[in-house]
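First comes the structure, then the notes that go with it.
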Amino acid sequence: MNNVQTINKYVPDYLVTPGAVLEDYLEDAGITQAALADRTGLSKKTITEILTAKSAITAETALLFERTLGRPAHFWINLERQYQENKARLAEKTLLETNLQWFDMFPTNDMAKYGWIKKCKDKGLLREALLRFFAVESPQQWEAIWGRELQTAFRKEESTHKDVALNSAWLRKGEIDAQRLCCQPFDKQKFQDSLDEIRSFTTIGDPNVLVPKLESICANAGVAVVFVRALPKLGIYGATRWFNDKYIMQLSLYRKSDDQLWFTFFHEVCHIIKHSHNELYIEDSGFKNEKEREANAFARDTLISPEELSKFLAVVHIPTIPQIKEFAAHIGIAPGIVVGRLQHDNVLPMNVGNGLKIRYKWE
């Protein structure tokens with residue numbers, strides 16, 4: 001089904017006020033403003049305000065003009081209605097032109113392709129689609145909500161407005177998806193108690209089984225886990241933030257392998273159980289502060305304990321594929337995660353063992 005919306009509408013370049021039409025009519029008829037006031041019973045001030053577009057022609061005023069000027073009431077009512085409509089369209093056009101740079105920052109084609117917004121050719125409709133997506137009234141409100149928070153989260157001078165737009169779109173989709181989940185208020189102890197069971201989920205190869213189980217156990221502890229496809233050039237593995245008495249943990253499947261997915265998951269777990277909920281935590285390949293390094297260490301050691309790995313490498317030195325599988329089964333984890341760890345630690349070359357990793361793709 002073609003989802004392209006196209007609406008042809010007239011947008012005026014200038015405005016003709018009802019007062020200007022009335023003034024021309026009075027001049028042609030030889031009627032003064034004072035005389036019109038006397039005939040209608042309206043004050044001279046009211047007549048002046050109508051002529052200068054400071055006051056609208058109401059239905060009652062239109063009836064008075066019908067009786068005193070001979071033109072039907074609907075003429076004056078339609079004149080006022082058309083003026084107000086044209087005024088609104090011209091204001092919208094001006095606002096659209098003023099904020100055109102704001103629209104251009106967003107990857108709207110990709111957002112439409114993924115079904116986040118409707119595909120629009122008309123820029124006015126596109127503006128409305130973006131505002132509805134972010135649930136804001138104007139680009140200025142978007143800036144107030146997202147601009148400052150994301151600039152603080154990245155702490156990178158090179159972060160551009162376009163970076164903020166890209167990341168805010170991805171994060172906003174996570175909020176929308178999280179609101180659809182039935183999620184309990186956050187319970188830190190309950191979440192910590194569930195981590196051993198969650199770690200066992202790494203051996204589930206089918207995402208159709210894995211995702212519902214992971215979402216359910218986390219939601220019961222007040223953590224909304226959402227998988228949101230990465231927009232092109234996003235470069236973010238995951239993000240965590242506090243939102244309406246629960247946490248949102250957002251995963252992008254960036255790099256699309258199980259070792260990276262689970263490392264990201266437990267990285268975000270560390271932020272939830274160890275760090276302040278007043279911050280937005282974004283995991284990317286850029287600068288790592290102390291909290292990010294702590295989260296990396298937590299994920300690394302939760303997935304594969306240093307003691308178990310040391311014992312394993314003390315015996316095998318350079319592991320073979322069968323030995324990796326045996327070790328993974330022994331510690332109850334997916335073999336692809338072991339491969340990823342050994343590659344990261346330079347025990348294995350980056351091209352060895354990748355067949356043990358599970359690769360995910362978006363439908």
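Going through the structure tokens in order, the chains are called A, B, and so on, while each chain numbers its residues from 1 and the ligands are numbered from 1 in the order shown.
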
Taking 2 positions as the minimum chain separation for residues in the same chain, which residues sit within 9 Å of Phe266 (chain A) when counting only C-alpha atoms? Answer as a tab-separated table (two decimals) with C-alpha atoms, in the first residue's frame.
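And here's part-v6.tsv as it stands now:
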chain	number	residue	atom	x	y	z
A	195	LEU	CA	20.61	-11.45	36.69
A	199	ARG	CA	22.67	-14.65	32.04
A	261	LEU	CA	24.35	-7.75	22.42
A	262	TRP	CA	24.99	-9.39	25.79
A	263	PHE	CA	28.02	-7.25	26.57
A	264	THR	CA	25.85	-4.18	25.93
A	268	GLU	CA	23.59	-1.13	30.86
A	269	VAL	CA	22.75	-3.30	33.88
A	270	CYS	CA	25.71	-1.77	35.68
A	271	HIS	CA	24.38	1.74	35.09
A	295	ALA	CA	30.19	-0.69	33.26
A	296	ASN	CA	32.52	-2.36	30.77
A	298	PHE	CA	31.00	-5.28	35.11
A	299	ALA	CA	29.74	-6.70	31.80
A	300	ARG	CA	33.04	-8.45	31.09
A	302	THR	CA	29.57	-10.99	34.78
A	303	LEU	CA	29.58	-12.82	31.49

Counting only C-alpha atoms, what are the residues of region 158-247 of chain A within 10 Å of region 351-360 of chain A, and for each of them which pair of atoms is the nearest and at what distance in Å, to one decimal? Sort the table by chain and rising number, as a Markdown table.
| residue | atom | partner | partner_atom | distance |
| --- | --- | --- | --- | --- |
| A:Ile204 | CA | A:Ile358 | CA | 9.9 |
| A:Gly205 | CA | A:Ile358 | CA | 7.0 |
| A:Asp206 | CA | A:Ile358 | CA | 9.3 |
| A:Pro207 | CA | A:Tyr360 | CA | 8.0 |

Go ahead and save the picked residues with C-alpha atoms, as a PDB file, in the first residue's frame.
ATOM      1  CA  ILE A 204      18.918 -19.145  23.666  1.00  0.00           C
ATOM      2  CA  GLY A 205      19.650 -18.815  19.984  1.00  0.00           C
ATOM      3  CA  ASP A 206      16.169 -17.991  18.705  1.00  0.00           C
ATOM      4  CA  PRO A 207      15.340 -14.275  19.181  1.00  0.00           C
TER       5      PRO A 207
END

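Distances here use only C-alpha atoms; by that measure, the residue among A:Phe191, A:Trp170, A:Phe312, A:Tyr83 closest to Trp116 (chain A) is A:Trp170.
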
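Of note, CA of Glu279 (chain A) and CA of Trp242 (chain A) are spaced 7.7 Å apart.
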
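The nearest approach to Ile282 (chain A) among the residues A:Leu63, A:Leu171, A:Ile47, A:Met350, with only C-alpha atoms taken into account, belongs to A:Leu171.
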
Original post:
Neighbours of Ala219 (chain A) within 9 Å (only C-alpha atoms; same-chain residues fewer than 3 positions away dropped), as a PyMOL selection string?
Top reply: chain A and resi 181-186+214-216+222-225+246

Original post:
To one decimal place, how far is CA of Arg81 (chain A) from CA of Ala62 (chain A) in Å?
Top reply: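 Separation between CA of Arg81 (chain A) and CA of Ala62 (chain A): 11.8 Å.
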
**OP:** Compare A:Ala169, A:Ala56, A:Leu26, A:Leu348 by their minimum atom-to-atom distance to Ile318 (chain A), counting only C-alpha atoms, and give me the closest one.
**Re:**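 Closest to Ile318 (chain A) of all the choices is A:Leu348.
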
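Going from CA of Lys190 (chain A) over to CA of Ala221 (chain A), you cover 5.6 Å.
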
Original post:
Which one is closest to Ile236 (chain A): A:Ile176, A:Leu42, A:Leu309, A:Leu166? Count only C-alpha atoms.
Top reply: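 Closest to Ile236 (chain A), using only C-alpha atoms: A:Leu166.
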
**OP:** Taking the DSSP assignment computed from this structure's backbone, write out as a ChimeraX atom specification all residues of region 132-286 of chain A that belong to strand (DSSP E or B).
**Re:** /A:223-227,236-243,246-251,257,281-284

Using the selection just defined, write its residues with N, CA and C atoms as a tab-separated table (two decimals), in the first residue's frame.
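File written: result-v5.tsv
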chain	number	residue	atom	x	y	z
A	223	VAL	N	12.25	-2.68	34.63
A	223	VAL	CA	13.18	-2.29	33.56
A	223	VAL	C	12.53	-2.63	32.22
A	224	ALA	N	12.24	-1.62	31.44
A	224	ALA	CA	11.64	-1.83	30.12
A	224	ALA	C	12.76	-2.00	29.10
A	225	VAL	N	12.93	-3.23	28.62
A	225	VAL	CA	13.95	-3.52	27.61
A	225	VAL	C	13.31	-3.39	26.23
A	226	VAL	N	13.87	-2.51	25.41
A	226	VAL	CA	13.32	-2.31	24.07
A	226	VAL	C	14.45	-2.43	23.04
A	227	PHE	N	14.15	-3.12	21.97
A	227	PHE	CA	15.08	-3.25	20.85
A	227	PHE	C	14.64	-2.26	19.78
A	236	ILE	N	25.49	3.73	18.13
A	236	ILE	CA	25.19	3.52	19.55
A	236	ILE	C	24.80	2.07	19.77
A	237	TYR	N	25.42	1.44	20.78
A	237	TYR	CA	25.11	0.06	21.12
A	237	TYR	C	23.87	-0.02	22.02
A	238	GLY	N	23.80	0.88	23.00
A	238	GLY	CA	22.69	0.85	23.93
A	238	GLY	C	22.60	2.14	24.72
A	239	ALA	N	21.50	2.31	25.43
A	239	ALA	CA	21.29	3.49	26.25
A	239	ALA	C	20.37	3.14	27.41
A	240	THR	N	20.55	3.82	28.51
A	240	THR	CA	19.72	3.60	29.70
A	240	THR	C	19.34	4.94	30.30
A	241	ARG	N	18.09	5.08	30.69
A	241	ARG	CA	17.65	6.29	31.39
A	241	ARG	C	16.42	5.99	32.24
A	242	TRP	N	16.22	6.85	33.23
A	242	TRP	CA	15.06	6.76	34.11
A	242	TRP	C	13.89	7.44	33.43
A	243	PHE	N	12.72	6.80	33.47
A	243	PHE	CA	11.57	7.33	32.75
A	243	PHE	C	10.28	6.85	33.44
A	246	LYS	N	10.42	3.95	36.14
A	246	LYS	CA	11.08	2.73	35.68
A	246	LYS	C	12.30	3.12	34.85
A	247	TYR	N	13.10	2.11	34.52
A	247	TYR	CA	14.23	2.33	33.63
A	247	TYR	C	13.86	1.87	32.22
A	248	ILE	N	14.38	2.59	31.25
A	248	ILE	CA	14.35	2.11	29.88
A	248	ILE	C	15.76	1.67	29.51
A	249	MET	N	15.90	0.40	29.12
A	249	MET	CA	17.15	-0.07	28.56
A	249	MET	C	16.92	-0.29	27.07
A	250	GLN	N	17.60	0.47	26.27
A	250	GLN	CA	17.38	0.47	24.82
A	250	GLN	C	18.58	-0.13	24.11
A	251	LEU	N	18.33	-1.15	23.29
A	251	LEU	CA	19.40	-1.87	22.61
A	251	LEU	C	19.21	-1.76	21.10
A	257	SER	N	25.74	-9.05	16.66
A	257	SER	CA	26.18	-10.37	17.10
A	257	SER	C	25.84	-10.57	18.57
A	281	TYR	N	22.60	7.45	30.09
A	281	TYR	CA	23.83	6.72	29.78
A	281	TYR	C	23.74	6.19	28.36
A	282	ILE	N	24.72	6.56	27.54
A	282	ILE	CA	24.76	6.13	26.15
A	282	ILE	C	26.08	5.42	25.90
A	283	GLU	N	25.97	4.18	25.39
A	283	GLU	CA	27.18	3.43	25.08
A	283	GLU	C	27.46	3.52	23.58
A	284	ASP	N	28.58	4.17	23.26
A	284	ASP	CA	29.02	4.21	21.87
A	284	ASP	C	30.52	3.90	21.85

**OP:** Write out as a PyMOL selection string which residues come within 8 Å of Thr68 (chain A) when counting only C-alpha atoms, dropping same-chain ones fewer than 5 positions away.
**Re:** chain A and resi 36+39-40

Save out the residues we just selected, C-alpha atoms, as a CSV table (one decimal), in the first residue's frame.
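Output saved as out-v4.csv:
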chain,number,residue,atom,x,y,z
A,36,LEU,CA,-21.6,53.2,9.8
A,39,ARG,CA,-26.4,52.9,11.4
A,40,THR,CA,-25.3,49.7,13.2

**OP:** Name the residues of region 64-301 of chain A that come out as helix (DSSP H, G or I) in a backbone DSSP run; write them as number ranges by chain.
**Re:** A: 64-69, 73-98, 100-104, 108-113, 123-134, 139-154, 161-179, 188-193, 195-203, 207-219, 258-274, 290-301

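Closest approach to Asn278 (chain A) among A:Asp259, A:Asp163, A:Asp245, A:Asp104 is made by A:Asp245 (distances from only C-alpha atoms).
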
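Proximity ranking of A:Lys173, A:Thr58, A:Val338, A:Phe65 relative to Ile117 (chain A) places A:Lys173 first, based on only C-alpha atoms.
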